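These notes are about the structure you will find just below.
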Amino acid sequence: MRELPLLEGTVRQLDYWWTLYLRTWRGGVVSSFLTPLFYVVAIGVLLGGFIEGDPAQLNGASSYLLFVVPGLVASQTMNTAIGEVTYPVMGLIKWHRGYYAMLATPLAPIHLVAGTLMFTLFRVASTTAVFLLVLAPFGLFATWWGAVLTFLVQLLLGMAFATVIFAFSARVRTDEAYGVLFRLVVFPLFLFSGAFFPIDNLGPVLSWAARLTPLWHGVDLSRMLMVNVIDWRLALVHVAVLTVLMAAGWFLSVRALTERLAQ
Amino acid sequence: MVNEASGESVELMISARGLTKTFGEVEAVRGIDVDVRRAEAFGFLGPNGAGKSSTMRMIAAVSPPTGGTLEIFGLDPTAHGAGIRARLGVCPQQDSLDTELNVFDNLYIYGRYFGIPRADVKARAHELLEFVQLTDKADSRIDSLSGGMKRRLTIARSLINSPDLLLLDEPTTGLDPQARHVVWDRLFRLKQQGVTLVLTTHYMDEAEQLCDRLVVMDKGRIVAEGSPLALIAEHSTREVAELRFGVGEHEGTAARVSDLGERVEVLPDRLLVYAEDGEEVVTKVHERGLSPVATLVRRSTLEDVFLRLTGRTLVD
Ligand SMILES: Nc1ncnc2c1ncn2[C@@H]1O[C@H](COP(=O)(O)OP(=O)(O)OP(=O)(O)O)[C@@H](O)[C@H]1O
Ligand SMILES: [Mg+2]
């Protein structure tokens, strides 16, 4: 039985996260907005100009720019979400110990997980919204509802990553683990999950490995929606996989943080 | 709970019976009984590792007891943790101020965790900054505060919800004497306002200054309980003569002065002779032809009580 309702306990942290955001958002503007835009220009427009696009080979996209942009959108979602649940969470656990301060109040670990994820969702939503708005004038959306659904997919994708990596953060002892995470997991996902080339190019074995990665589900789903070549059954599989990941990550996170903060 | 002497009802803020806490192999708290009444200032005095913080965390309803019973405000902390914590103020041993926020915001966001309405928290935060004399630091970064200021801010933060019970784990450890006195003064005012204080310390002067009643803890157990004066009266003499001899001479000299007081303690750097009249001891020491390098006569303190009970000094 929980004494303080989940929603109430989460809402009580709004002021904390909002105050923190107001004090730190400037530092994040470059990485969360300009960087993906640089990728779009450099890889989508300038490099893409050399690539002859056969829509059949580009998952239905009529140009390399159209192919790569959904991949960049989904990758940015992954990076934003992971960014919020790595170093900041370690700080809350062991550097400035903000979680311990919260635990001295009526809040419990489950509220802390929910509060941190709520803020992560806000960060994913705001960076994605800006990114999509900037892309809009380039005529990169086949339909308006495709754009809206792409936005919603980023929320789901972001939460799938955030919950799973939060559980990781609550388990690891030092931030060296993040070096390994970024080099061996995040960066390979970014390169090989179908953002830059169709995963069929990887050959039969590796392309199946790519299909098992969460980012591929997000990339493929975003691409279907943006170029409006939709395999609804596959789309449903994508949503189901991401939802299951998110739910599993939530339970793992609550358990991991509860154990980690046990005194 | 009924007070047998007066028959009137006494409200117990904390009641522990046979309370234990173990971490794996380590038995941090080994069965303690504690009662703390409303408006009392209660202390846990003990050396490093005595189990003070472990006890405080159980009382703060963040660390489930391993064994025994514990009631805070008459409630079981494992079942009513949030309700109990809503009425507690906690000043932990290790600072947990948010270094990314300024002084005022640290108070503000903390008050919001209790569900206090925004306008009320703001007013309360300003009041508390005034109370701990940090008003002019409201916009400062946490990193720019001295140790004493951080401690005062943590105390202010612990008061944001106007707690019925304030828990202070080593409120002045690491502070210089000046800063300690400022903190003591603020705690003394709270006590006068009727706030129930529970504090841990390994400074006997802090315990003497602030506590109506205290327990002496050692290795997870309570070895004595009472008011500072009663403990001194019970376990020590009125005065102590401290005799300093040359290096290595203390063991040998102890036998020659042992009849001058009720008790003699040998420390590495001095002899302590416990007696009602310390000056008389010093005079007789000189009469016996002994010539200590230095002598000092003082009143007994809780330090002496601790030494008597455990054979060790409090601060090593
Ligand atoms: N979380 C923990 N995990 C393992 N052992 C612990 C933990 N907390 C405390 N201990 C052990 O329990 C014993 C009592 O520690 P505690 O912190 O309660 O003592 P203390 O009286 O507060 O000491 P100090 O004056 O150093 O703060 C020590 O041996 C300590 O190492
Ligand atoms: Mg301690």
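Chain labels follow the order of the structure tokens: the first chain is A, the next B, and so on; residue numbering restarts at 1 in every chain, and ligands are counted from 1 in their shown order.
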Kindly assemble as CSV a list of the chain A residues that lie within 12 Å of ligand 1, each paired with its nearest atom pair and their distance in Å to one decimal, using only C-alpha atoms and all ligand atoms, sorted first by chain and then by ascending residue number.
```
residue,atom,partner,partner_atom_place_in_ligand_line,distance
A:Glu259,CA,ligand 1,1 (N),11.6
A:Arg260,CA,ligand 1,1 (N),10.4
A:Leu261,CA,ligand 1,1 (N),9.4
A:Ala262,CA,ligand 1,1 (N),8.0
A:Gln263,CA,ligand 1,1 (N),5.4
```
Could you give me the residues within 9 Å of ligand 2, counting only C-alpha atoms and all ligand atoms, as a PyMOL selection string?
chain B and resi 47-54+56+92-94+169-170+200-201
Between chain B and chain A, at 6 Å or less, what are the per-residue closest atom pairs and their distances in Å? Count only C-alpha atoms, order by chain and rising residue number, and return it as a Markdown table.
```
| residue | atom | partner | partner_atom | distance |
| --- | --- | --- | --- | --- |
| B:Ser63 | CA | A:Gln263 | CA | 4.9 |
| B:Ala82 | CA | A:Pro106 | CA | 4.2 |
| B:Arg85 | CA | A:Pro106 | CA | 5.4 |
| B:Ala86 | CA | A:Pro106 | CA | 5.5 |
| B:Ser96 | CA | A:Arg97 | CA | 5.3 |
| B:Asp98 | CA | A:His96 | CA | 5.8 |
| B:Ile109 | CA | A:Tyr16 | CA | 5.2 |
| B:Arg112 | CA | A:Arg12 | CA | 5.7 |
| B:Tyr113 | CA | A:Arg12 | CA | 5.1 |
```
Tell me which protein, DNA and RNA residues are within 10 Å of Glu208 (chain B), counting only C-alpha atoms, leaving out same-chain ones fewer than 2 positions away, and put them as JSON, numbers by chain.
{"B": [43, 203, 204, 205, 206, 210, 211, 212, 213, 214, 227, 228, 229, 301, 302]}
When you look at region 220-236 of chain A with a cut-off of 7 Å (counting only C-alpha atoms), what residues show up, excluding the ones that are within fewer than 3 positions of it in the same chain? I need them as a PyMOL selection string.
chain A and resi 60-61+70+141-142+146-147+149-150+153+216-217+239-240
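In terms of minimum interatomic distance to Val121 (chain B), B:Asn161 ranks closest within B:Ser140, B:Asn161, B:Gln133, B:Thr154, counting only C-alpha atoms.
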Using the chain letters and numbers from this document, which residues of region 141-301 of chain B does DSSP assign to helix (DSSP H, G or I), as a PyMOL selection string?
chain B and resi 142-144+147-158+177-192+204-210+228-235+250-260+278-287
Quick check, in Å to one decimal: how far apart do CA of Pro188 (chain A) and CA of Ala74 (chain A) lie?
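Here the two named atoms are 14.2 Å from each other.
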Restricting to only C-alpha atoms, whichever of B:Val198, B:Ala156, B:Leu12, B:Ile142 is closest to Thr99 (chain B) is B:Ile142
